[in-house]
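Below is one structure, written out as structure tokens, with a few remarks after it.
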Amino acid sequence: MSMPDLKHADIKSLSAELAAGHTSSVAITRACIERIKAVDGKVRAFLYLNDEDALRQAEEADKRHAAGQPLSPYDGIPIGIKDCIAVKGQPCTSGSKILQGVQSPYDATAVARLRAQGFVLLGRTNMDEFAMGSSCENSAFAKTANPWDIARVPGGSSGGSAAAVAAWELPVALGSDTGGSIRQPASFCGVTGLKPTYGRVSRSGLVAYASSLDQIGPIGHSVYDCAAILDAIGGHDKMDATSLPAPCDGFAKAVEALTEKDDLSGVTIGLPKEYFEVDALAGGVKGCLNDAIALLKSSGASVKEVSLPHTKYAIATYYIIATAEASANLARFDGIRYGARAMDANNLIDTYLETRGRGFGPEVQRRIILGTFVLSSGYYDAYYLRAQKVRTLIRRDFEEAFKQCDILLTPTSPSVAFKFGEKSDPLQMYLADIFTIALNLSGNCGMNVPAGLDPATGMPVGIQFIAPALAEERLFRAGRIFEMRRPQRQFIPKLDS
Amino acid sequence: MSKVIDVGYVAELARLKLDQPTQQRLQSEMESILAYIEQLKELDVTGIEPTAHAAQMTNVWREDHAESSFPRKELLANAPKTINGELIAVPQVLPGEEMS
């Protein structure tokens with residue numbers, strides 16, 4: 001039985017190889033582990049490698065295949081899990097010192113559903129602490145590098161998941177997205193990443209950052225893979241009161257049915273004019289976007305300018321709402337019930353002050369301070385309540401836009417991956433989230449698809465499709481048709497040379 | 001101009017002990033972030049309902065029947081200090097005589 005070539009392996013092709021008996025789960029899992037051992041010293045995508053247990057999971061999967069009773073077409077395929085999503089018996093630090101030593105006592109619902117399909121849980125991927133950041137530089141443990149250029153960041157906060165997939169350490173991974181944390185690193189690393197509609201995927205077992213915005217989603221090599229993972233993890237869950245009671249299946253089948261003959265005739269793509277007027281939009285990104293628009297037009301889509309008039313207020317609104325929710329959510333990390341405790345403090349209040357003062361990194365402290373302030377007596381109406389009202393205006397912008405088009409197309413990030421330390425001012429880092437943040441506030445779904453390479457740097461550029469709530473099939477259809485026709489067929493970083 | 005935010009006071013509310021240099025740095029970062037956020041005041045939001053959540057759902061109930069919960073020992077395995085693995089040990093809560 002041959003070792004599979006991970007360089008051309010998405011979960012669709014691996015599933016076909018497994019079904020045909022050309023490879024085994026153990027061979028695939030071993031290939032991933034060897035690849036990780038070979039390149040992760042440079043990429044640093046993993047915080048924890050579950051190698052021995054993963055090989056046992058793989059053996060079980062192979063037995064099921066041999067007995068002709070696989071749990072699903074993906075039984076035995078390895079997956080990486082962002083370090084804020086609980087996997088029973090594995091560490092879960094959310095990239096923070098304050099959770100060092102914690103082992104999850106249960107599986108997140110999304111993880112339990114992956115297990116039920118036979119996915120092999122291979123390890124925990126790096127992230128900005130508590131998912132607060134856009135570069136992975138805020139992790140307390142490691143600075144993940146971009147596999148396309150190790151002097152550059154992989155994006156964030158799901159930078160470990162995106163880098164691991166891009167470096168072919170794993171075929172697919174889970175991330176989470178509160179303001180762009182799946183789509184932006186996917187764009188920086190040249191992979192495909194989906195933020196599902198708010199409420200599609202249960203948040204049970206996801207370490208909470210901003211509960212009204214957080215969503216778990218897949219990062220993979222293809223639109224098909226993202227659709228297959230959404231089929232697996234999505235759908236109602238009684239453990240999450242905000243989980244939507246809508247059916248969530250059949251996405252992968254619909255993608256698989258598309259052929260080169262399918263086009264986008266009858267589809268209207270909206271281009272939000274405010275997104276194209278952003279000063280920071282880099283030339284290379286604009287170029288790839290314009291090429292993508294031309295390609296989609298020649299694929300039968302009609303293209304139309306639309307307006308999202310409150311775009312310029314999205315970042316301010318987000319940083320009030322997200323930090324307010326974070327300050328409340330992170331109050332639970334007090335050194336009492338789990339994680340690290342300052343043992344030298346001799347009374348309760350000092351235990352809280354010292355544990356939290358030492359345990360949280362600078363960006364987390366910054367957001368707790370901002371969030372506590374906007375909720376504090378005398379400022380609530382001026383900041384938090386006002387932001388919630390502007391959130392209504394932003395949501396209405398999308399509702400109006402979707403009366404005129406089926407799907408929106410935008411850049412995912414204003415630039416390609418930047419270099420380590422390049423954005424040292426926190427506000428400059430926040431402003432780079434301009435294209436991804438608004439749809440977390442509105443609850444729409446969005447997906448990054450790699451579009452091309454920036455001629456100046458050779459770094460990948462992604463485009464973002466946005467659809468109304470619960471209309472992921474529109475993202476997948478447009479994304480897949482684009483993927484089949486884009487001039488750059490494959491996105492393979494020159495990591496080994 | 002009096003400062004809008006007093007980081008020292010907010011840090012106390014948030015139960016964060018910050019050293020002096022950190023507090024000073026955060027004070028100036030907060031001032032520039034808040035200056036940016038001020039732009040929301042340009043908008044007239046009279047009569048606009050606030051949005052607390054992207055999915056507009058209300059009254060999500062579960063069936064009213066007993067279910068088993070997580071085993072206590074497994075959950076307490078993550079506590080920094082316990083008494084026999086059954087109770088969480090905490091520092092003295094009420095001021096008064098030192099306890100041994």
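In the structure tokens, chains take letters A, B, ... by order of appearance, with residues numbered from 1 within each chain and ligands from 1 in the order shown.
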Could you give me, as CSV, a per-residue list for chain A showing, wherever an atom lies at most 7 Å from an atom of chain B, the closest pair of atoms and their distance in Å to one decimal, using only C-alpha atoms and sorting by chain then residue number from low to high?
residue,atom,partner,partner_atom,distance
A:Val102,CA,B:Asn78,CA,5.6
A:Gln103,CA,B:Asn78,CA,6.8
A:Pro105,CA,B:Leu75,CA,6.3
A:Tyr198,CA,B:Ala54,CA,6.6
A:Gly199,CA,B:Ala55,CA,6.8
A:Ser212,CA,B:His53,CA,5.2
A:Ala241,CA,B:Val60,CA,6.0
A:Tyr313,CA,B:Leu40,CA,6.5
A:Ala316,CA,B:Ile37,CA,4.9
A:Ile336,CA,B:Val90,CA,6.7
A:Arg337,CA,B:Ala79,CA,4.7
A:Tyr338,CA,B:Ala79,CA,4.2
A:Gly339,CA,B:Pro80,CA,6.2
A:Ala340,CA,B:Pro80,CA,6.3
A:Arg341,CA,B:Pro80,CA,6.3
A:Asn346,CA,B:Pro91,CA,6.5
A:Asn347,CA,B:Gln92,CA,5.4
A:Leu348,CA,B:Val93,CA,5.4
A:Tyr352,CA,B:Arg15,CA,6.0
A:Leu353,CA,B:Leu16,CA,4.8
A:Glu354,CA,B:Lys17,CA,5.8
A:Arg356,CA,B:Leu16,CA,5.4
A:Gly357,CA,B:Lys17,CA,4.5
A:Arg366,CA,B:Leu26,CA,6.8
A:Ile369,CA,B:Ala11,CA,6.3
A:Thr372,CA,B:Ala14,CA,6.4
A:Phe373,CA,B:Val10,CA,6.2
A:Leu385,CA,B:Pro50,CA,6.8
A:Gln388,CA,B:Pro50,CA,4.6
A:Lys389,CA,B:Pro50,CA,4.1
A:Arg391,CA,B:Thr51,CA,6.0
A:Thr392,CA,B:Thr51,CA,5.3
A:Leu427,CA,B:Ile33,CA,6.4
A:Leu441,CA,B:Ala54,CA,6.6
A:Ser442,CA,B:Ala54,CA,5.6
A:Gly443,CA,B:Ala54,CA,4.7
- Can you list, as a ChimeraX atom specification, every residue of segment 27-82 of chain B that DSSP puts in alpha helix (DSSP H)? /B:27-37,72-76
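Counting only C-alpha atoms, the residue from A:Leu439, A:Met459, A:Ala432, A:Ala38 that sits nearest to Leu281 of chain A is A:Ala432.
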With a distance cut-off of 7 Å and only C-alpha atoms, select the neighbouring residues of segment 107-120 of chain A, excluding the residue or stretch itself and same-chain residues fewer than 3 positions from it, and output the selection as a CSV table (one decimal) with N, CA and C atoms, in the first residue's frame.
chain,number,residue,atom,x,y,z
A,54,ALA,N,-3.8,9.4,17.3
A,54,ALA,CA,-4.3,9.5,15.9
A,54,ALA,C,-4.1,8.2,15.1
A,57,GLN,N,-6.7,5.8,16.1
A,57,GLN,CA,-8.0,6.2,15.5
A,57,GLN,C,-7.9,5.7,14.0
A,58,ALA,N,-6.8,5.9,13.4
A,58,ALA,CA,-6.6,5.5,12.0
A,58,ALA,C,-6.7,4.0,11.8
A,61,ALA,N,-10.3,3.1,11.9
A,61,ALA,CA,-10.9,3.4,10.6
A,61,ALA,C,-10.6,2.4,9.5
A,71,LEU,N,-17.7,4.7,8.5
A,71,LEU,CA,-18.7,5.6,9.1
A,71,LEU,C,-19.2,6.6,8.2
A,72,SER,N,-18.4,7.0,7.2
A,72,SER,CA,-18.8,8.0,6.2
A,72,SER,C,-17.7,7.9,5.1
A,74,TYR,N,-15.5,9.8,4.5
A,74,TYR,CA,-14.3,10.5,5.0
A,74,TYR,C,-13.7,9.7,6.2
A,75,ASP,N,-14.2,8.5,6.5
A,75,ASP,CA,-13.7,7.8,7.6
A,75,ASP,C,-12.2,7.5,7.5
A,76,GLY,N,-11.5,8.0,8.5
A,76,GLY,CA,-10.0,7.8,8.5
A,76,GLY,C,-9.2,9.0,7.9
A,77,ILE,N,-9.9,10.1,7.6
A,77,ILE,CA,-9.1,11.3,7.1
A,77,ILE,C,-8.7,12.2,8.2
A,78,PRO,N,-7.5,12.6,8.3
A,78,PRO,CA,-7.0,13.4,9.4
A,78,PRO,C,-7.5,14.9,9.3
A,79,ILE,N,-7.8,15.5,10.5
A,79,ILE,CA,-8.2,16.9,10.5
A,79,ILE,C,-7.5,17.6,11.7
A,85,ILE,N,-11.3,25.0,20.2
A,85,ILE,CA,-12.4,24.1,20.0
A,85,ILE,C,-12.1,22.8,20.8
A,86,ALA,N,-13.0,22.4,21.7
A,86,ALA,CA,-12.7,21.3,22.6
A,86,ALA,C,-12.6,19.9,21.9
A,87,VAL,N,-11.6,19.2,22.2
A,87,VAL,CA,-11.5,17.8,21.8
A,87,VAL,C,-11.2,17.0,23.1
A,88,LYS,N,-12.1,16.1,23.5
A,88,LYS,CA,-12.0,15.4,24.7
A,88,LYS,C,-10.6,14.7,24.9
A,202,SER,N,-23.0,24.6,15.8
A,202,SER,CA,-23.1,24.8,17.2
A,202,SER,C,-21.8,25.4,17.8
A,204,SER,N,-21.3,25.0,21.0
A,204,SER,CA,-21.0,24.3,22.2
A,204,SER,C,-19.6,23.7,22.1
A,205,GLY,N,-18.8,24.0,23.1
A,205,GLY,CA,-17.4,23.5,23.1
A,205,GLY,C,-16.4,24.4,22.4
A,206,LEU,N,-16.9,25.6,22.0
A,206,LEU,CA,-16.0,26.6,21.4
A,206,LEU,C,-15.7,27.6,22.5
A,232,ALA,N,-21.0,17.9,7.6
A,232,ALA,CA,-20.7,17.1,8.8
A,232,ALA,C,-20.9,17.8,10.1
A,233,ILE,N,-20.5,19.1,10.2
A,233,ILE,CA,-20.6,19.7,11.5
A,233,ILE,C,-21.8,20.6,11.7
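Ranking A:Pro247, A:Ala20, A:Gly335, A:Val461 by their shortest atom-to-atom distance to Gly68 of chain A, with only C-alpha atoms included, puts A:Ala20 first.
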- Quick one: distance from atom CA of Ser157 of chain A to atom CA of Asp128 of chain A in Å, one decimal?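 Interatomic distance here is 4.9 Å.
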Can you tell me which residues surround Leu271 of chain A at a distance of at most 10 Å, considering only C-alpha atoms, apart from same-chain residues fewer than 6 positions away, and format the answer as a PDB file with N, CA and C atoms, in the first residue's frame?
ATOM      1  N   ILE A 293     -13.554  39.256 -11.482  1.00  0.00           N
ATOM      2  CA  ILE A 293     -14.825  39.812 -11.966  1.00  0.00           C
ATOM      3  C   ILE A 293     -15.002  39.503 -13.454  1.00  0.00           C
ATOM      4  N   VAL A 303     -23.048  41.412 -13.431  1.00  0.00           N
ATOM      5  CA  VAL A 303     -22.355  42.085 -12.345  1.00  0.00           C
ATOM      6  C   VAL A 303     -22.936  43.483 -12.188  1.00  0.00           C
ATOM      7  N   LYS A 304     -23.124  43.878 -10.952  1.00  0.00           N
ATOM      8  CA  LYS A 304     -23.846  45.119 -10.690  1.00  0.00           C
ATOM      9  C   LYS A 304     -23.238  45.802  -9.477  1.00  0.00           C
ATOM     10  N   GLU A 305     -23.099  47.128  -9.547  1.00  0.00           N
ATOM     11  CA  GLU A 305     -22.610  47.859  -8.381  1.00  0.00           C
ATOM     12  C   GLU A 305     -23.740  47.985  -7.362  1.00  0.00           C
ATOM     13  N   VAL A 306     -23.442  47.710  -6.102  1.00  0.00           N
ATOM     14  CA  VAL A 306     -24.418  47.916  -5.026  1.00  0.00           C
ATOM     15  C   VAL A 306     -23.763  48.761  -3.940  1.00  0.00           C
ATOM     16  N   SER A 307     -24.562  49.162  -2.954  1.00  0.00           N
ATOM     17  CA  SER A 307     -24.008  50.018  -1.901  1.00  0.00           C
ATOM     18  C   SER A 307     -24.267  49.416  -0.528  1.00  0.00           C
ATOM     19  N   LEU A 308     -23.237  49.436   0.323  1.00  0.00           N
ATOM     20  CA  LEU A 308     -23.381  49.095   1.748  1.00  0.00           C
ATOM     21  C   LEU A 308     -22.955  50.365   2.497  1.00  0.00           C
ATOM     22  N   ALA A 401     -29.011  45.264  -0.102  1.00  0.00           N
ATOM     23  CA  ALA A 401     -28.131  44.844  -1.208  1.00  0.00           C
ATOM     24  C   ALA A 401     -28.626  43.521  -1.812  1.00  0.00           C
ATOM     25  N   CYS A 405     -29.206  41.665  -5.756  1.00  0.00           N
ATOM     26  CA  CYS A 405     -28.251  40.686  -6.283  1.00  0.00           C
ATOM     27  C   CYS A 405     -28.364  39.405  -5.470  1.00  0.00           C
ATOM     28  N   ILE A 407     -25.560  37.450  -4.704  1.00  0.00           N
ATOM     29  CA  ILE A 407     -24.320  37.179  -3.982  1.00  0.00           C
ATOM     30  C   ILE A 407     -23.452  38.425  -4.107  1.00  0.00           C
ATOM     31  N   LEU A 408     -22.607  38.656  -3.121  1.00  0.00           N
ATOM     32  CA  LEU A 408     -21.676  39.777  -3.201  1.00  0.00           C
ATOM     33  C   LEU A 408     -20.271  39.245  -3.423  1.00  0.00           C
ATOM     34  N   LEU A 409     -19.455  40.037  -4.128  1.00  0.00           N
ATOM     35  CA  LEU A 409     -18.046  39.694  -4.321  1.00  0.00           C
ATOM     36  C   LEU A 409     -17.203  40.864  -3.823  1.00  0.00           C
ATOM     37  N   THR A 410     -16.222  40.551  -2.975  1.00  0.00           N
ATOM     38  CA  THR A 410     -15.357  41.603  -2.411  1.00  0.00           C
ATOM     39  C   THR A 410     -13.934  41.060  -2.280  1.00  0.00           C
ATOM     40  N   PRO A 411     -12.970  41.952  -2.004  1.00  0.00           N
ATOM     41  CA  PRO A 411     -11.677  41.422  -1.573  1.00  0.00           C
ATOM     42  C   PRO A 411     -11.877  40.782  -0.193  1.00  0.00           C
TER      43      PRO A 411
END
- Task: Write out as an NGL selection string which residues come within 10 Å of Ala173 of chain A when counting only C-alpha atoms, dropping same-chain ones fewer than 4 positions away.
- Result: :A and (78-82 or 121-125 or 158 or 160-165 or 193 or 217-221 or 226 or 229)
Selected residues, N, CA and C atoms, written as a compact mmCIF listing (two decimals), in the first residue's frame, please.
# COMPACT_ATOMS: atom_id res chain seq x y z
N PRO A 78 -7.46 12.59 8.34
CA PRO A 78 -7.04 13.44 9.44
C PRO A 78 -7.55 14.88 9.30
N ILE A 79 -7.82 15.48 10.45
CA ILE A 79 -8.25 16.88 10.49
C ILE A 79 -7.55 17.56 11.65
N GLY A 80 -7.27 18.86 11.49
CA GLY A 80 -6.67 19.67 12.57
C GLY A 80 -7.75 20.52 13.22
N ILE A 81 -7.61 20.76 14.50
CA ILE A 81 -8.63 21.51 15.23
C ILE A 81 -7.98 22.73 15.88
N LYS A 82 -8.55 23.89 15.62
CA LYS A 82 -8.07 25.13 16.24
C LYS A 82 -8.12 24.99 17.76
N LEU A 121 -8.58 12.91 14.62
CA LEU A 121 -8.28 14.21 15.24
C LEU A 121 -6.79 14.28 15.53
N LEU A 122 -6.06 14.93 14.61
CA LEU A 122 -4.60 14.80 14.60
C LEU A 122 -3.87 15.82 15.48
N GLY A 123 -4.49 16.94 15.78
CA GLY A 123 -3.75 17.88 16.63
C GLY A 123 -4.43 19.22 16.74
N ARG A 124 -3.80 20.08 17.54
CA ARG A 124 -4.36 21.39 17.89
C ARG A 124 -3.54 22.47 17.19
N THR A 125 -4.22 23.37 16.50
CA THR A 125 -3.49 24.37 15.72
C THR A 125 -3.46 25.71 16.44
N SER A 158 -7.25 32.23 13.05
CA SER A 158 -7.06 30.79 12.77
C SER A 158 -5.82 30.56 11.89
N GLY A 160 -2.95 29.06 12.50
CA GLY A 160 -2.38 27.71 12.55
C GLY A 160 -3.11 26.76 11.62
N SER A 161 -4.44 26.85 11.62
CA SER A 161 -5.23 25.96 10.76
C SER A 161 -4.96 26.26 9.29
N ALA A 162 -4.92 27.55 8.92
CA ALA A 162 -4.69 27.92 7.52
C ALA A 162 -3.29 27.52 7.07
N ALA A 163 -2.29 27.77 7.94
CA ALA A 163 -0.90 27.46 7.57
C ALA A 163 -0.71 25.94 7.46
N ALA A 164 -1.33 25.17 8.36
CA ALA A 164 -1.17 23.71 8.34
C ALA A 164 -1.74 23.14 7.04
N VAL A 165 -2.88 23.67 6.61
CA VAL A 165 -3.49 23.19 5.37
C VAL A 165 -2.62 23.62 4.17
N GLY A 193 -11.68 29.00 2.78
CA GLY A 193 -12.19 29.03 4.15
C GLY A 193 -13.60 29.60 4.21
N GLY A 217 -15.96 27.05 11.48
CA GLY A 217 -16.06 26.70 10.07
C GLY A 217 -14.80 26.02 9.57
N PRO A 218 -14.85 25.48 8.34
CA PRO A 218 -13.72 24.72 7.78
C PRO A 218 -12.72 25.57 6.99
N ILE A 219 -11.47 25.08 6.97
CA ILE A 219 -10.44 25.61 6.08
C ILE A 219 -9.88 24.40 5.33
N GLY A 220 -9.90 24.46 3.99
CA GLY A 220 -9.45 23.31 3.22
C GLY A 220 -8.87 23.73 1.88
N HIS A 221 -8.63 22.72 1.02
CA HIS A 221 -8.02 23.01 -0.29
C HIS A 221 -9.04 23.30 -1.37
N CYS A 226 -14.83 22.27 1.89
CA CYS A 226 -15.55 23.12 2.86
C CYS A 226 -17.01 22.71 2.94
N ILE A 229 -17.31 19.44 4.95
CA ILE A 229 -17.16 19.64 6.40
C ILE A 229 -18.40 20.34 6.97
- Could you pull out the strand (DSSP E or B) residues of segment 293-470 of chain A from DSSP and send them as a VMD selection string? chain A and resid 302 to 306 407 to 411 419 445 to 453 460 to 467
- Item | Nearest residue to Ser94 of chain A from the set A:Pro272, A:Pro309, A:Gly361, A:Gly250 (distances using only C-alpha atoms) | A:Gly361
- Extract, using only C-alpha atoms, all DNA, RNA and protein residues at most 10 Å from Pro147 of chain A, discarding same-chain residues fewer than 2 positions from it, and format them as JSON, numbers by chain. {"A": [39, 40, 42, 43, 44, 45, 144, 145, 149, 150, 151, 152, 153, 154, 162, 163, 164, 165, 166, 167, 168, 188, 189, 190, 459, 492, 493, 494, 495, 496]}
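Atom CA of Arg367 of chain A sits 13.8 Å away from atom CA of Ala208 of chain A.
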- Between atom CA of Glu472 of chain A and atom CA of Asp249 of chain A, measure the distance and give it in Å to one decimal. 10.7 Å
